[in-house]
Amino acid sequence: MSDVRRHILEVAERLFYAEGYRAVGVDRLIAEADVAKATFYRHFRTKDELLVAVLDARDARFREWLAGRVEALAADPRGRPLAVFDALAERFATNDFRGCAFLNTMVEVASRSHPGHEAAQRHKQRLIDYLEGLLREAGAPEAGALAPQLMLLIDGATVTAVREGGPGAAARARSLAELLLTTARPGRRRR
């Protein structure tokens, strides 16, 4: 990736996350990135194409960060599904936390066929797959059914953290996740 393309992506990610995709126009992106219009369009034909590139790059970085934090927080694979919530609490406590860039995008571009919405959905599916892998490694039964339930708790905690302005939602979601995992244990009868 060229330095110019990387710079445009960094500027766009910062602005989209802070102000929203719809609120930031191409002229502003070009001015903030300090590139010529022709240079901008040589790297990104449309603002939608730029959004997808921003989301794809953010997805890769976020998943790498999350996996690293989860492993650091829980050496034992059995503790890793719940460690996800501990990692999120750290993220929610940062000064620049403004919610989930992927949920924010889905809200802004509500059409499910919009390329940005599709990129955000791919991210969420990758997280569900990651959670399912953690659950399997932890020996949790019904990992395929539990992973989307944990994703629901993660998304809910994320939105609540924005509303409340702090990390407390992660701890509450962790408690609910623990309850889900406990009721899914072999030998427990599900109602």
# chains A, B, ... in the order shown; residues from 1 in each chain; ligands from 1
call {"tool": "residues_around", "arguments": {"residues": "range 15-27 of chain A", "least_positions_apart": "6", "cutoff": "10 Å", "atoms": "only C-alpha atoms", "output": "list in words"}}
result
Leu9, Ala33, Lys37, Phe40, Tyr41, Thr46, Lys47, Asp48, Leu50, Leu51, Val54, Asp96, Phe97, Arg98, Gly99, Cys100, Ala101, Phe102, Asn104, Thr105, Glu108, Val109 and Gly116 of chain A
call {"tool": "residues_around", "arguments": {"residues": "Leu146 in chain A", "least_positions_apart": "2", "cutoff": "10 Å", "atoms": "only C-alpha atoms", "output": "list in words"}}
result
Ile128, Leu131, Glu132, Leu135, Ala140, Pro141, Glu142, Ala143, Gly144, Pro148, Gln149, Leu150, Met151, Leu152, Ala177, Leu180, Leu181 and Ala184 of chain A
call {"tool": "closest_residue", "arguments": {"among": "A:Ile154, A:Leu134, A:Phe92, A:Arg174", "to": "Val70 in chain A", "atoms": "only C-alpha atoms"}}
result
A:Leu134
call {"tool": "residues_around", "arguments": {"residues": "Pro167 in chain A", "least_positions_apart": "5", "cutoff": "6 Å", "atoms": "only C-alpha atoms", "output": "VMD selection string"}}
result
chain A and resid 89 92 to 93 161
call {"tool": "write_last_selection", "arguments": {"atoms": "N, CA and C atoms", "output": "compact mmCIF listing (two decimals), in the first residue's frame"}}
result
# COMPACT_ATOMS: atom_id res chain seq x y z
N ALA A 89 -14.11 -3.68 28.05
CA ALA A 89 -14.16 -2.68 29.12
C ALA A 89 -12.96 -1.73 29.00
N PHE A 92 -13.78 0.59 26.11
CA PHE A 92 -14.85 1.53 26.46
C PHE A 92 -14.34 2.66 27.36
N ALA A 93 -13.27 2.41 28.09
CA ALA A 93 -12.74 3.39 29.03
C ALA A 93 -11.79 4.39 28.37
N ALA A 161 -22.43 1.56 26.48
CA ALA A 161 -21.23 2.29 26.89
C ALA A 161 -21.22 3.70 26.29
call {"tool": "atom_distance", "arguments": {"atom1": "CA of Ala36 in chain A", "atom2": "CA of His114 in chain A"}}
result
27.0 Å
call {"tool": "residues_around", "arguments": {"residues": "His43 in chain A", "least_positions_apart": "3", "cutoff": "9 Å", "atoms": "only C-alpha atoms", "output": "PyMOL selection string"}}
result
chain A and resi 4-5+8+38-40+50
call {"tool": "write_last_selection", "arguments": {"atoms": "all heavy atoms", "output": "mmCIF file, in the first residue's frame"}}
result
data_model
loop_
_atom_site.group_PDB
_atom_site.id
_atom_site.type_symbol
_atom_site.label_atom_id
_atom_site.label_comp_id
_atom_site.auth_asym_id
_atom_site.auth_seq_id
_atom_site.Cartn_x
_atom_site.Cartn_y
_atom_site.Cartn_z
ATOM 1 N N VAL A 4 0.625 7.427 0.408
ATOM 2 C CA VAL A 4 -0.471 8.364 0.179
ATOM 3 C C VAL A 4 -1.810 7.683 0.462
ATOM 4 O O VAL A 4 -2.671 8.242 1.154
ATOM 5 C CB VAL A 4 -0.431 8.919 -1.268
ATOM 6 C CG1 VAL A 4 -1.667 9.756 -1.562
ATOM 7 C CG2 VAL A 4 0.828 9.743 -1.487
ATOM 8 N N ARG A 5 -1.992 6.490 -0.049
ATOM 9 C CA ARG A 5 -3.243 5.745 0.191
ATOM 10 C C ARG A 5 -3.426 5.517 1.693
ATOM 11 O O ARG A 5 -4.517 5.711 2.226
ATOM 12 C CB ARG A 5 -3.224 4.421 -0.571
ATOM 13 C CG ARG A 5 -4.503 3.609 -0.397
ATOM 14 C CD ARG A 5 -4.449 2.310 -1.191
ATOM 15 N NE ARG A 5 -5.581 1.468 -0.924
ATOM 16 C CZ ARG A 5 -6.748 1.514 -1.541
ATOM 17 N NH1 ARG A 5 -6.942 2.402 -2.504
ATOM 18 N NH2 ARG A 5 -7.722 0.695 -1.219
ATOM 19 N N ILE A 8 -4.506 8.775 3.374
ATOM 20 C CA ILE A 8 -5.921 9.085 3.113
ATOM 21 C C ILE A 8 -6.813 8.202 3.980
ATOM 22 O O ILE A 8 -7.790 8.672 4.567
ATOM 23 C CB ILE A 8 -6.255 8.924 1.612
ATOM 24 C CG1 ILE A 8 -5.517 9.960 0.780
ATOM 25 C CG2 ILE A 8 -7.772 9.022 1.384
ATOM 26 C CD1 ILE A 8 -5.567 9.714 -0.728
ATOM 27 N N ALA A 38 -7.152 14.867 -7.868
ATOM 28 C CA ALA A 38 -6.800 13.769 -8.776
ATOM 29 C C ALA A 38 -6.102 12.636 -8.027
ATOM 30 O O ALA A 38 -6.334 11.460 -8.310
ATOM 31 C CB ALA A 38 -5.917 14.288 -9.906
ATOM 32 N N THR A 39 -5.278 12.982 -7.069
ATOM 33 C CA THR A 39 -4.584 11.968 -6.264
ATOM 34 C C THR A 39 -5.592 11.170 -5.439
ATOM 35 O O THR A 39 -5.522 9.938 -5.367
ATOM 36 C CB THR A 39 -3.551 12.625 -5.335
ATOM 37 O OG1 THR A 39 -2.606 13.335 -6.132
ATOM 38 C CG2 THR A 39 -2.833 11.598 -4.475
ATOM 39 N N PHE A 40 -6.523 11.887 -4.826
ATOM 40 C CA PHE A 40 -7.559 11.210 -4.037
ATOM 41 C C PHE A 40 -8.306 10.202 -4.906
ATOM 42 O O PHE A 40 -8.447 9.033 -4.538
ATOM 43 C CB PHE A 40 -8.529 12.244 -3.453
ATOM 44 C CG PHE A 40 -9.649 11.632 -2.661
ATOM 45 C CD1 PHE A 40 -9.495 11.364 -1.314
ATOM 46 C CD2 PHE A 40 -10.850 11.303 -3.265
ATOM 47 C CE1 PHE A 40 -10.519 10.792 -0.574
ATOM 48 C CE2 PHE A 40 -11.881 10.736 -2.545
ATOM 49 C CZ PHE A 40 -11.717 10.473 -1.196
ATOM 50 N N LEU A 50 -13.913 4.279 -0.428
ATOM 51 C CA LEU A 50 -13.047 4.676 0.686
ATOM 52 C C LEU A 50 -13.591 4.132 2.004
ATOM 53 O O LEU A 50 -12.841 3.603 2.824
ATOM 54 C CB LEU A 50 -12.920 6.204 0.747
ATOM 55 C CG LEU A 50 -12.182 6.796 1.939
ATOM 56 C CD1 LEU A 50 -10.744 6.299 2.008
ATOM 57 C CD2 LEU A 50 -12.229 8.324 1.880
#
call {"tool": "closest_residue", "arguments": {"among": "A:Gly139, A:Gly165, A:Gly68, A:Gly156", "to": "Thr182 in chain A", "atoms": "only C-alpha atoms"}}
result
A:Gly139
call {"tool": "select_by_dssp", "arguments": {"residues": "range 108-147 of chain A", "states": "helix (DSSP H, G or I)", "output": "list of chain:residue names"}}
result
A:Glu108, A:Pro115, A:Gly116, A:His117, A:Glu118, A:Ala119, A:Ala120, A:Gln121, A:Arg122, A:His123, A:Lys124, A:Gln125, A:Arg126, A:Leu127, A:Ile128, A:Asp129, A:Tyr130, A:Leu131, A:Glu132, A:Gly133, A:Leu134, A:Leu135, A:Arg136, A:Glu137, A:Ala143, A:Gly144, A:Ala145, A:Leu146, A:Ala147
call {"tool": "write_last_selection", "arguments": {"atoms": "N, CA and C atoms", "output": "mmCIF file, in the first residue's frame"}}
result
data_model
loop_
_atom_site.group_PDB
_atom_site.id
_atom_site.type_symbol
_atom_site.label_atom_id
_atom_site.label_comp_id
_atom_site.auth_asym_id
_atom_site.auth_seq_id
_atom_site.Cartn_x
_atom_site.Cartn_y
_atom_site.Cartn_z
ATOM 1 N N GLU A 108 -25.833 4.631 9.845
ATOM 2 C CA GLU A 108 -25.759 5.724 8.877
ATOM 3 C C GLU A 108 -26.167 5.302 7.473
ATOM 4 N N PRO A 115 -22.466 -0.828 0.157
ATOM 5 C CA PRO A 115 -21.165 -1.470 0.369
ATOM 6 C C PRO A 115 -20.619 -1.292 1.793
ATOM 7 N N GLY A 116 -20.870 -0.147 2.415
ATOM 8 C CA GLY A 116 -20.416 0.074 3.787
ATOM 9 C C GLY A 116 -21.145 -0.821 4.764
ATOM 10 N N HIS A 117 -22.440 -0.981 4.566
ATOM 11 C CA HIS A 117 -23.231 -1.865 5.420
ATOM 12 C C HIS A 117 -22.736 -3.301 5.272
ATOM 13 N N GLU A 118 -22.476 -3.704 4.041
ATOM 14 C CA GLU A 118 -21.973 -5.061 3.783
ATOM 15 C C GLU A 118 -20.612 -5.284 4.441
ATOM 16 N N ALA A 119 -19.725 -4.284 4.374
ATOM 17 C CA ALA A 119 -18.403 -4.410 5.012
ATOM 18 C C ALA A 119 -18.552 -4.520 6.525
ATOM 19 N N ALA A 120 -19.461 -3.732 7.101
ATOM 20 C CA ALA A 120 -19.698 -3.795 8.547
ATOM 21 C C ALA A 120 -20.276 -5.159 8.933
ATOM 22 N N GLN A 121 -21.168 -5.682 8.116
ATOM 23 C CA GLN A 121 -21.748 -6.999 8.389
ATOM 24 C C GLN A 121 -20.676 -8.089 8.334
ATOM 25 N N ARG A 122 -19.749 -7.989 7.379
ATOM 26 C CA ARG A 122 -18.647 -8.974 7.308
ATOM 27 C C ARG A 122 -17.840 -8.952 8.605
ATOM 28 N N HIS A 123 -17.583 -7.756 9.122
ATOM 29 C CA HIS A 123 -16.849 -7.633 10.389
ATOM 30 C C HIS A 123 -17.596 -8.358 11.501
ATOM 31 N N LYS A 124 -18.882 -8.101 11.612
ATOM 32 C CA LYS A 124 -19.674 -8.732 12.678
ATOM 33 C C LYS A 124 -19.672 -10.247 12.527
ATOM 34 N N GLN A 125 -19.749 -10.745 11.308
ATOM 35 C CA GLN A 125 -19.713 -12.195 11.108
ATOM 36 C C GLN A 125 -18.351 -12.762 11.486
ATOM 37 N N ARG A 126 -17.287 -12.045 11.172
ATOM 38 C CA ARG A 126 -15.944 -12.501 11.573
ATOM 39 C C ARG A 126 -15.818 -12.557 13.092
ATOM 40 N N LEU A 127 -16.418 -11.600 13.783
ATOM 41 C CA LEU A 127 -16.390 -11.636 15.246
ATOM 42 C C LEU A 127 -17.198 -12.819 15.781
ATOM 43 N N ILE A 128 -18.334 -13.094 15.176
ATOM 44 C CA ILE A 128 -19.120 -14.259 15.591
ATOM 45 C C ILE A 128 -18.299 -15.527 15.392
ATOM 46 N N ASP A 129 -17.630 -15.635 14.261
ATOM 47 C CA ASP A 129 -16.775 -16.802 13.996
ATOM 48 C C ASP A 129 -15.653 -16.901 15.031
ATOM 49 N N TYR A 130 -15.054 -15.757 15.372
ATOM 50 C CA TYR A 130 -14.002 -15.728 16.397
ATOM 51 C C TYR A 130 -14.546 -16.196 17.737
ATOM 52 N N LEU A 131 -15.712 -15.687 18.113
ATOM 53 C CA LEU A 131 -16.336 -16.094 19.382
ATOM 54 C C LEU A 131 -16.641 -17.583 19.386
ATOM 55 N N GLU A 132 -17.131 -18.084 18.282
ATOM 56 C CA GLU A 132 -17.420 -19.513 18.197
ATOM 57 C C GLU A 132 -16.141 -20.326 18.403
ATOM 58 N N GLY A 133 -15.037 -19.874 17.811
ATOM 59 C CA GLY A 133 -13.761 -20.563 18.007
ATOM 60 C C GLY A 133 -13.323 -20.533 19.466
ATOM 61 N N LEU A 134 -13.472 -19.373 20.106
ATOM 62 C CA LEU A 134 -13.129 -19.284 21.530
ATOM 63 C C LEU A 134 -13.989 -20.233 22.361
ATOM 64 N N LEU A 135 -15.274 -20.274 22.053
ATOM 65 C CA LEU A 135 -16.195 -21.139 22.800
ATOM 66 C C LEU A 135 -15.835 -22.612 22.607
ATOM 67 N N ARG A 136 -15.498 -22.984 21.392
ATOM 68 C CA ARG A 136 -15.106 -24.384 21.131
ATOM 69 C C ARG A 136 -13.827 -24.731 21.897
ATOM 70 N N GLU A 137 -12.833 -23.818 21.838
ATOM 71 C CA GLU A 137 -11.576 -24.055 22.555
ATOM 72 C C GLU A 137 -11.805 -24.130 24.062
ATOM 73 N N ALA A 143 -21.553 -24.159 20.904
ATOM 74 C CA ALA A 143 -20.763 -22.967 20.557
ATOM 75 C C ALA A 143 -21.381 -22.205 19.393
ATOM 76 N N GLY A 144 -21.908 -22.911 18.424
ATOM 77 C CA GLY A 144 -22.518 -22.257 17.267
ATOM 78 C C GLY A 144 -23.742 -21.440 17.627
ATOM 79 N N ALA A 145 -24.487 -21.881 18.621
ATOM 80 C CA ALA A 145 -25.662 -21.131 19.071
ATOM 81 C C ALA A 145 -25.283 -20.024 20.052
ATOM 82 N N LEU A 146 -24.255 -20.254 20.847
ATOM 83 C CA LEU A 146 -23.854 -19.266 21.855
ATOM 84 C C LEU A 146 -23.130 -18.060 21.252
ATOM 85 N N ALA A 147 -22.368 -18.264 20.192
ATOM 86 C CA ALA A 147 -21.575 -17.171 19.623
ATOM 87 C C ALA A 147 -22.435 -15.970 19.208
#
call {"tool": "atom_distance", "arguments": {"atom1": "CA of Glu49 in chain A", "atom2": "CA of Trp65 in chain A"}}
result
24.4 Å
call {"tool": "residues_around", "arguments": {"residues": "Ala83 in chain A", "least_positions_apart": "3", "cutoff": "7 Å", "atoms": "only C-alpha atoms", "output": "PyMOL selection string"}}
result
chain A and resi 70+73-74+79-80+86-87
call {"tool": "closest_residue", "arguments": {"among": "A:Arg28, A:Ala157, A:Val162, A:Ala138", "to": "Arg78 in chain A", "atoms": "only C-alpha atoms"}}
result
A:Ala138
call {"tool": "closest_residue", "arguments": {"among": "A:Arg112, A:Arg69, A:Arg91, A:Arg42", "to": "Gly166 in chain A", "atoms": "only C-alpha atoms"}}
result
A:Arg91
